[in-house]
file data12.txt (compact mmCIF, N, CA and C atoms)
# COMPACT_ATOMS: atom_id res chain seq x y z
N MET A 134 -3.93 15.55 3.64
CA MET A 134 -3.81 14.12 3.43
C MET A 134 -5.17 13.49 3.76
N ASN A 135 -5.78 12.91 2.77
CA ASN A 135 -7.09 12.27 2.93
C ASN A 135 -6.88 10.78 3.16
N LEU A 136 -7.46 10.25 4.21
CA LEU A 136 -7.26 8.86 4.57
C LEU A 136 -7.71 7.91 3.46
N ASP A 137 -8.87 8.15 2.88
CA ASP A 137 -9.34 7.28 1.80
C ASP A 137 -8.38 7.30 0.62
N ASP A 138 -7.84 8.48 0.30
CA ASP A 138 -6.86 8.58 -0.79
C ASP A 138 -5.62 7.75 -0.48
N GLN A 139 -5.19 7.78 0.78
CA GLN A 139 -4.00 7.01 1.16
C GLN A 139 -4.28 5.51 1.07
N PHE A 140 -5.45 5.10 1.52
CA PHE A 140 -5.80 3.68 1.40
C PHE A 140 -5.82 3.25 -0.06
N LEU A 141 -6.41 4.07 -0.91
CA LEU A 141 -6.44 3.74 -2.34
C LEU A 141 -5.03 3.68 -2.92
N ARG A 142 -4.21 4.64 -2.56
CA ARG A 142 -2.84 4.70 -3.08
C ARG A 142 -2.03 3.47 -2.69
N TYR A 143 -2.10 3.10 -1.42
CA TYR A 143 -1.23 2.03 -0.93
C TYR A 143 -1.84 0.63 -0.98
N PHE A 144 -3.18 0.57 -0.92
CA PHE A 144 -3.82 -0.75 -0.82
C PHE A 144 -4.80 -1.05 -1.94
N GLY A 145 -5.06 -0.07 -2.80
CA GLY A 145 -5.95 -0.29 -3.93
C GLY A 145 -7.43 -0.30 -3.58
N SER A 146 -7.75 0.04 -2.33
CA SER A 146 -9.14 0.06 -1.89
C SER A 146 -9.26 0.99 -0.69
N SER A 147 -10.39 1.66 -0.58
CA SER A 147 -10.61 2.49 0.61
C SER A 147 -11.18 1.65 1.75
N ASP A 148 -11.46 0.38 1.50
CA ASP A 148 -11.99 -0.54 2.50
C ASP A 148 -10.90 -1.55 2.86
N LEU A 149 -10.20 -1.31 3.98
CA LEU A 149 -9.11 -2.22 4.35
C LEU A 149 -9.58 -3.64 4.62
N ALA A 150 -10.83 -3.81 4.99
CA ALA A 150 -11.35 -5.16 5.23
C ALA A 150 -11.37 -5.98 3.93
N ALA A 151 -11.40 -5.29 2.80
CA ALA A 151 -11.45 -5.98 1.51
C ALA A 151 -10.06 -6.27 0.94
N VAL A 152 -9.03 -5.80 1.61
CA VAL A 152 -7.65 -5.95 1.11
C VAL A 152 -7.10 -7.30 1.55
N THR A 153 -6.50 -8.02 0.62
CA THR A 153 -5.90 -9.32 0.95
C THR A 153 -4.67 -9.11 1.83
N PRO A 154 -4.30 -10.10 2.60
CA PRO A 154 -3.09 -9.98 3.44
C PRO A 154 -1.84 -9.64 2.62
N ALA A 155 -1.71 -10.23 1.44
CA ALA A 155 -0.54 -9.94 0.60
C ALA A 155 -0.55 -8.49 0.12
N ALA A 156 -1.72 -7.99 -0.26
CA ALA A 156 -1.82 -6.60 -0.70
C ALA A 156 -1.59 -5.65 0.47
N LEU A 157 -2.02 -6.03 1.66
CA LEU A 157 -1.79 -5.21 2.84
C LEU A 157 -0.28 -5.10 3.12
N GLN A 158 0.41 -6.23 3.08
CA GLN A 158 1.86 -6.21 3.32
C GLN A 158 2.59 -5.41 2.24
N ALA A 159 2.18 -5.57 0.99
CA ALA A 159 2.81 -4.82 -0.10
C ALA A 159 2.56 -3.32 0.07
N GLY A 160 1.36 -2.95 0.47
CA GLY A 160 1.04 -1.55 0.69
C GLY A 160 1.83 -0.95 1.83
N ILE A 161 1.97 -1.71 2.90
CA ILE A 161 2.76 -1.24 4.05
C ILE A 161 4.21 -1.05 3.64
N GLU A 162 4.74 -1.97 2.88
CA GLU A 162 6.13 -1.85 2.41
C GLU A 162 6.30 -0.61 1.53
N HIS A 163 5.35 -0.38 0.64
CA HIS A 163 5.37 0.82 -0.21
C HIS A 163 5.31 2.07 0.65
N MET A 164 4.47 2.06 1.67
CA MET A 164 4.33 3.20 2.56
C MET A 164 5.63 3.44 3.34
N ARG A 165 6.28 2.38 3.76
CA ARG A 165 7.57 2.52 4.48
C ARG A 165 8.62 3.16 3.58
N VAL A 166 8.66 2.76 2.33
CA VAL A 166 9.60 3.37 1.39
C VAL A 166 9.29 4.85 1.23
N ASP A 167 8.02 5.17 0.99
CA ASP A 167 7.62 6.57 0.84
C ASP A 167 7.93 7.37 2.10
N PHE A 168 7.72 6.78 3.26
CA PHE A 168 8.03 7.45 4.52
C PHE A 168 9.52 7.80 4.58
N GLY A 169 10.35 6.86 4.21
CA GLY A 169 11.79 7.09 4.23
C GLY A 169 12.25 8.16 3.26
N LEU A 170 11.54 8.32 2.17
CA LEU A 170 11.91 9.30 1.16
C LEU A 170 11.25 10.66 1.36
N GLU A 171 10.18 10.70 2.13
CA GLU A 171 9.38 11.92 2.27
C GLU A 171 10.18 13.04 2.95
N GLN A 172 10.12 14.23 2.37
CA GLN A 172 10.82 15.39 2.92
C GLN A 172 9.88 16.33 3.66
N ASP A 173 8.60 16.33 3.30
CA ASP A 173 7.63 17.21 3.94
C ASP A 173 7.32 16.71 5.34
N ARG A 174 7.56 17.54 6.34
CA ARG A 174 7.42 17.15 7.74
C ARG A 174 6.00 16.69 8.08
N ASP A 175 5.00 17.44 7.62
CA ASP A 175 3.61 17.08 7.94
C ASP A 175 3.19 15.78 7.26
N ARG A 176 3.56 15.62 6.01
CA ARG A 176 3.21 14.39 5.30
C ARG A 176 3.93 13.19 5.92
N ARG A 177 5.17 13.40 6.30
CA ARG A 177 5.95 12.34 6.94
C ARG A 177 5.27 11.90 8.24
N PHE A 178 4.81 12.88 9.03
CA PHE A 178 4.13 12.54 10.29
C PHE A 178 2.83 11.79 9.99
N GLY A 179 2.11 12.23 8.98
CA GLY A 179 0.87 11.56 8.60
C GLY A 179 1.11 10.12 8.19
N LEU A 180 2.16 9.88 7.42
CA LEU A 180 2.49 8.50 7.02
C LEU A 180 2.86 7.67 8.25
N TRP A 181 3.62 8.28 9.17
CA TRP A 181 4.00 7.55 10.37
C TRP A 181 2.77 7.17 11.19
N THR A 182 1.81 8.08 11.33
CA THR A 182 0.61 7.77 12.12
C THR A 182 -0.17 6.61 11.49
N LEU A 183 -0.26 6.62 10.17
CA LEU A 183 -0.96 5.52 9.50
C LEU A 183 -0.20 4.21 9.69
N LEU A 184 1.12 4.25 9.55
CA LEU A 184 1.92 3.05 9.81
C LEU A 184 1.75 2.58 11.25
N HIS A 185 1.69 3.52 12.17
CA HIS A 185 1.49 3.16 13.58
C HIS A 185 0.15 2.44 13.77
N MET A 186 -0.89 2.98 13.18
CA MET A 186 -2.22 2.37 13.32
C MET A 186 -2.26 0.97 12.69
N LEU A 187 -1.39 0.73 11.73
CA LEU A 187 -1.31 -0.59 11.10
C LEU A 187 -0.30 -1.50 11.79
N GLY A 188 0.32 -1.01 12.86
CA GLY A 188 1.30 -1.81 13.60
C GLY A 188 2.62 -1.96 12.89
N ALA A 189 2.96 -1.00 12.02
CA ALA A 189 4.16 -1.15 11.20
C ALA A 189 5.07 0.09 11.22
N ALA A 190 4.88 0.96 12.20
CA ALA A 190 5.67 2.20 12.24
C ALA A 190 7.07 1.94 12.79
N PRO A 191 8.05 2.65 12.25
CA PRO A 191 9.39 2.55 12.83
C PRO A 191 9.42 3.20 14.22
N ASP A 192 10.37 2.82 15.03
CA ASP A 192 10.53 3.41 16.36
C ASP A 192 10.72 4.92 16.23
N LEU A 193 10.30 5.64 17.25
CA LEU A 193 10.34 7.10 17.22
C LEU A 193 11.73 7.66 16.98
N ASP A 194 12.74 7.09 17.63
CA ASP A 194 14.09 7.62 17.47
C ASP A 194 14.64 7.36 16.07
N VAL A 195 14.10 6.40 15.38
CA VAL A 195 14.49 6.12 14.00
C VAL A 195 13.68 6.99 13.04
N ALA A 196 12.40 7.17 13.36
CA ALA A 196 11.49 7.88 12.47
C ALA A 196 11.71 9.38 12.46
N PHE A 197 12.01 9.95 13.63
CA PHE A 197 12.06 11.40 13.76
C PHE A 197 13.35 11.85 14.44
N THR A 198 14.06 12.77 13.82
CA THR A 198 15.26 13.33 14.44
C THR A 198 14.91 14.49 15.36
N SER A 199 13.80 15.15 15.10
CA SER A 199 13.36 16.29 15.89
C SER A 199 12.71 15.81 17.19
N SER A 200 13.15 16.40 18.31
CA SER A 200 12.54 16.04 19.58
C SER A 200 11.08 16.48 19.63
N ALA A 201 10.74 17.56 18.94
CA ALA A 201 9.35 18.01 18.89
C ALA A 201 8.48 16.99 18.15
N ASP A 202 8.99 16.44 17.06
CA ASP A 202 8.24 15.42 16.31
C ASP A 202 8.12 14.14 17.13
N GLN A 203 9.18 13.78 17.84
CA GLN A 203 9.11 12.59 18.70
C GLN A 203 8.07 12.79 19.80
N ALA A 204 8.04 13.98 20.38
CA ALA A 204 7.06 14.27 21.43
C ALA A 204 5.64 14.22 20.88
N ALA A 205 5.45 14.77 19.69
CA ALA A 205 4.12 14.73 19.07
C ALA A 205 3.70 13.29 18.79
N ALA A 206 4.63 12.47 18.35
CA ALA A 206 4.31 11.07 18.08
C ALA A 206 3.98 10.33 19.38
N ARG A 207 4.72 10.62 20.44
CA ARG A 207 4.41 10.01 21.74
C ARG A 207 3.01 10.40 22.21
N ARG A 208 2.68 11.66 22.02
CA ARG A 208 1.34 12.14 22.41
C ARG A 208 0.26 11.43 21.59
N PHE A 209 0.52 11.25 20.29
CA PHE A 209 -0.42 10.53 19.44
C PHE A 209 -0.61 9.10 19.96
N ILE A 210 0.47 8.45 20.31
CA ILE A 210 0.40 7.09 20.84
C ILE A 210 -0.43 7.07 22.12
N GLU A 211 -0.16 8.02 23.01
CA GLU A 211 -0.92 8.10 24.27
C GLU A 211 -2.41 8.29 24.01
N LEU A 212 -2.74 9.18 23.07
CA LEU A 212 -4.14 9.44 22.76
C LEU A 212 -4.82 8.20 22.19
N THR A 213 -4.14 7.48 21.32
CA THR A 213 -4.75 6.28 20.73
C THR A 213 -4.90 5.17 21.78
N GLU A 214 -3.95 5.10 22.72
CA GLU A 214 -4.05 4.10 23.78
C GLU A 214 -5.20 4.45 24.74
N GLN A 215 -5.40 5.72 25.01
CA GLN A 215 -6.51 6.13 25.87
C GLN A 215 -7.83 5.80 25.22
N HIS A 216 -7.90 5.94 23.92
CA HIS A 216 -9.13 5.65 23.17
C HIS A 216 -9.47 4.17 23.23
N ASP A 217 -8.44 3.32 23.29
CA ASP A 217 -8.64 1.87 23.32
C ASP A 217 -9.21 1.40 24.65
N ASP A 218 -9.02 2.16 25.71
CA ASP A 218 -9.48 1.74 27.05
C ASP A 218 -10.97 1.77 27.18
call {"tool": "encode", "arguments": {"input": "data12.txt", "output": "structure tokens"}}
result
Amino acid sequence: MNLDDQFLRYFGSSDLAAVTPAALQAGIEHMRVDFGLEQDRDRRFGLWTLLHMLGAAPDLDVAFTSSADQAAARRFIELTEQHDD
């Protein structure tokens, strides 16, 4: 999963600063739909991390049924919060 490809797919630009608020919201909504339909575990996790970074990820207990996936998502959150400090 290439980040620039995902930005182009969902937002029409690899530069999020150039995306209008309406296009950002539409892209996030499209991503949420794709997340809900995605069957591939790795791709699903990748979509969730991108949604998380955009402040639009579903709660862990809703997003992941696997406790291992929930734990990985919690660790990702912890790592991103440590980076912000």
call {"tool": "closest_atom_pairs", "arguments": {"input": "data12.txt", "of": "range 141-195 of chain A", "to": "range 199-207 of chain A", "cutoff": "8 Å", "atoms": "all atoms listed in the file", "output": "JSON lines"}}
result
{"residue": "A:Phe178", "atom": "CA", "partner": "A:Asp202", "partner_atom": "CA", "distance": 7.8}
{"residue": "A:Thr182", "atom": "CA", "partner": "A:Ala206", "partner_atom": "CA", "distance": 7.8}
{"residue": "A:Leu193", "atom": "CA", "partner": "A:Gln203", "partner_atom": "CA", "distance": 5.8}
{"residue": "A:Asp194", "atom": "N", "partner": "A:Gln203", "partner_atom": "CA", "distance": 6.7}
call {"tool": "residues_around", "arguments": {"input": "data12.txt", "residues": "range 159-173 of chain A", "least_positions_apart": "4", "cutoff": "12 Å", "atoms": "only C-alpha atoms", "output": "CSV table (one decimal) with N, CA and C atoms, keeping the file's coordinate frame"}}
result
chain,number,residue,atom,x,y,z
A,134,MET,N,-3.9,15.6,3.6
A,134,MET,CA,-3.8,14.1,3.4
A,134,MET,C,-5.2,13.5,3.8
A,139,GLN,N,-5.2,7.8,0.8
A,139,GLN,CA,-4.0,7.0,1.2
A,139,GLN,C,-4.3,5.5,1.1
A,140,PHE,N,-5.4,5.1,1.5
A,140,PHE,CA,-5.8,3.7,1.4
A,140,PHE,C,-5.8,3.2,-0.1
A,141,LEU,N,-6.4,4.1,-0.9
A,141,LEU,CA,-6.4,3.7,-2.3
A,141,LEU,C,-5.0,3.7,-2.9
A,142,ARG,N,-4.2,4.6,-2.6
A,142,ARG,CA,-2.8,4.7,-3.1
A,142,ARG,C,-2.0,3.5,-2.7
A,143,TYR,N,-2.1,3.1,-1.4
A,143,TYR,CA,-1.2,2.0,-0.9
A,143,TYR,C,-1.8,0.6,-1.0
A,144,PHE,N,-3.2,0.6,-0.9
A,144,PHE,CA,-3.8,-0.8,-0.8
A,144,PHE,C,-4.8,-1.0,-1.9
A,145,GLY,N,-5.1,-0.1,-2.8
A,145,GLY,CA,-6.0,-0.3,-3.9
A,145,GLY,C,-7.4,-0.3,-3.6
A,146,SER,N,-7.8,0.0,-2.3
A,146,SER,CA,-9.1,0.1,-1.9
A,146,SER,C,-9.3,1.0,-0.7
A,149,LEU,N,-10.2,-1.3,4.0
A,149,LEU,CA,-9.1,-2.2,4.4
A,149,LEU,C,-9.6,-3.6,4.6
A,152,VAL,N,-9.0,-5.8,1.6
A,152,VAL,CA,-7.6,-6.0,1.1
A,152,VAL,C,-7.1,-7.3,1.6
A,153,THR,N,-6.5,-8.0,0.6
A,153,THR,CA,-5.9,-9.3,1.0
A,153,THR,C,-4.7,-9.1,1.8
A,154,PRO,N,-4.3,-10.1,2.6
A,154,PRO,CA,-3.1,-10.0,3.4
A,154,PRO,C,-1.8,-9.6,2.6
A,155,ALA,N,-1.7,-10.2,1.4
A,155,ALA,CA,-0.5,-9.9,0.6
A,155,ALA,C,-0.6,-8.5,0.1
A,177,ARG,N,5.2,13.4,6.3
A,177,ARG,CA,6.0,12.3,6.9
A,177,ARG,C,5.3,11.9,8.2
A,178,PHE,N,4.8,12.9,9.0
A,178,PHE,CA,4.1,12.5,10.3
A,178,PHE,C,2.8,11.8,10.0
A,179,GLY,N,2.1,12.2,9.0
A,179,GLY,CA,0.9,11.6,8.6
A,179,GLY,C,1.1,10.1,8.2
A,180,LEU,N,2.2,9.9,7.4
A,180,LEU,CA,2.5,8.5,7.0
A,180,LEU,C,2.9,7.7,8.2
A,181,TRP,N,3.6,8.3,9.2
A,181,TRP,CA,4.0,7.6,10.4
A,181,TRP,C,2.8,7.2,11.2
A,182,THR,N,1.8,8.1,11.3
A,182,THR,CA,0.6,7.8,12.1
A,182,THR,C,-0.2,6.6,11.5
A,183,LEU,N,-0.3,6.6,10.2
A,183,LEU,CA,-1.0,5.5,9.5
A,183,LEU,C,-0.2,4.2,9.7
A,184,LEU,N,1.1,4.2,9.6
A,184,LEU,CA,1.9,3.0,9.8
A,184,LEU,C,1.8,2.6,11.2
A,185,HIS,N,1.7,3.5,12.2
A,185,HIS,CA,1.5,3.2,13.6
A,185,HIS,C,0.2,2.4,13.8
A,186,MET,N,-0.9,3.0,13.2
A,186,MET,CA,-2.2,2.4,13.3
A,186,MET,C,-2.3,1.0,12.7
A,187,LEU,N,-1.4,0.7,11.7
A,187,LEU,CA,-1.3,-0.6,11.1
A,187,LEU,C,-0.3,-1.5,11.8
A,188,GLY,N,0.3,-1.0,12.9
A,188,GLY,CA,1.3,-1.8,13.6
A,188,GLY,C,2.6,-2.0,12.9
A,189,ALA,N,3.0,-1.0,12.0
A,189,ALA,CA,4.2,-1.2,11.2
A,189,ALA,C,5.1,0.1,11.2
A,190,ALA,N,4.9,1.0,12.2
A,190,ALA,CA,5.7,2.2,12.2
A,190,ALA,C,7.1,1.9,12.8
A,191,PRO,N,8.0,2.6,12.2
A,191,PRO,CA,9.4,2.6,12.8
A,191,PRO,C,9.4,3.2,14.2
A,195,VAL,N,14.1,6.4,15.4
A,195,VAL,CA,14.5,6.1,14.0
A,195,VAL,C,13.7,7.0,13.0
A,196,ALA,N,12.4,7.2,13.4
A,196,ALA,CA,11.5,7.9,12.5
A,196,ALA,C,11.7,9.4,12.5
A,197,PHE,N,12.0,10.0,13.6
A,197,PHE,CA,12.1,11.4,13.8
A,197,PHE,C,13.4,11.8,14.4
call {"tool": "atom_distance", "arguments": {"input": "data12.txt", "atom1": "CA of Asp175 in chain A", "atom2": "atom N of Asn135 in chain A"}}
result
11.5 Å
call {"tool": "atom_distance", "arguments": {"input": "data12.txt", "atom1": "atom N of Asp192 in chain A", "atom2": "atom C of Asp138 in chain A"}}
result
22.8 Å
call {"tool": "atom_distance", "arguments": {"input": "data12.txt", "atom1": "CA of Asp137 in chain A", "atom2": "CA of Phe209 in chain A"}}
result
20.0 Å
call {"tool": "select_by_dssp", "arguments": {"input": "data12.txt", "residues": "chain A", "states": "helix (DSSP H, G or I)", "output": "VMD selection string"}}
result
chain A and resid 136 to 144 149 to 151 154 to 170 174 to 186 193 to 196 200 to 217
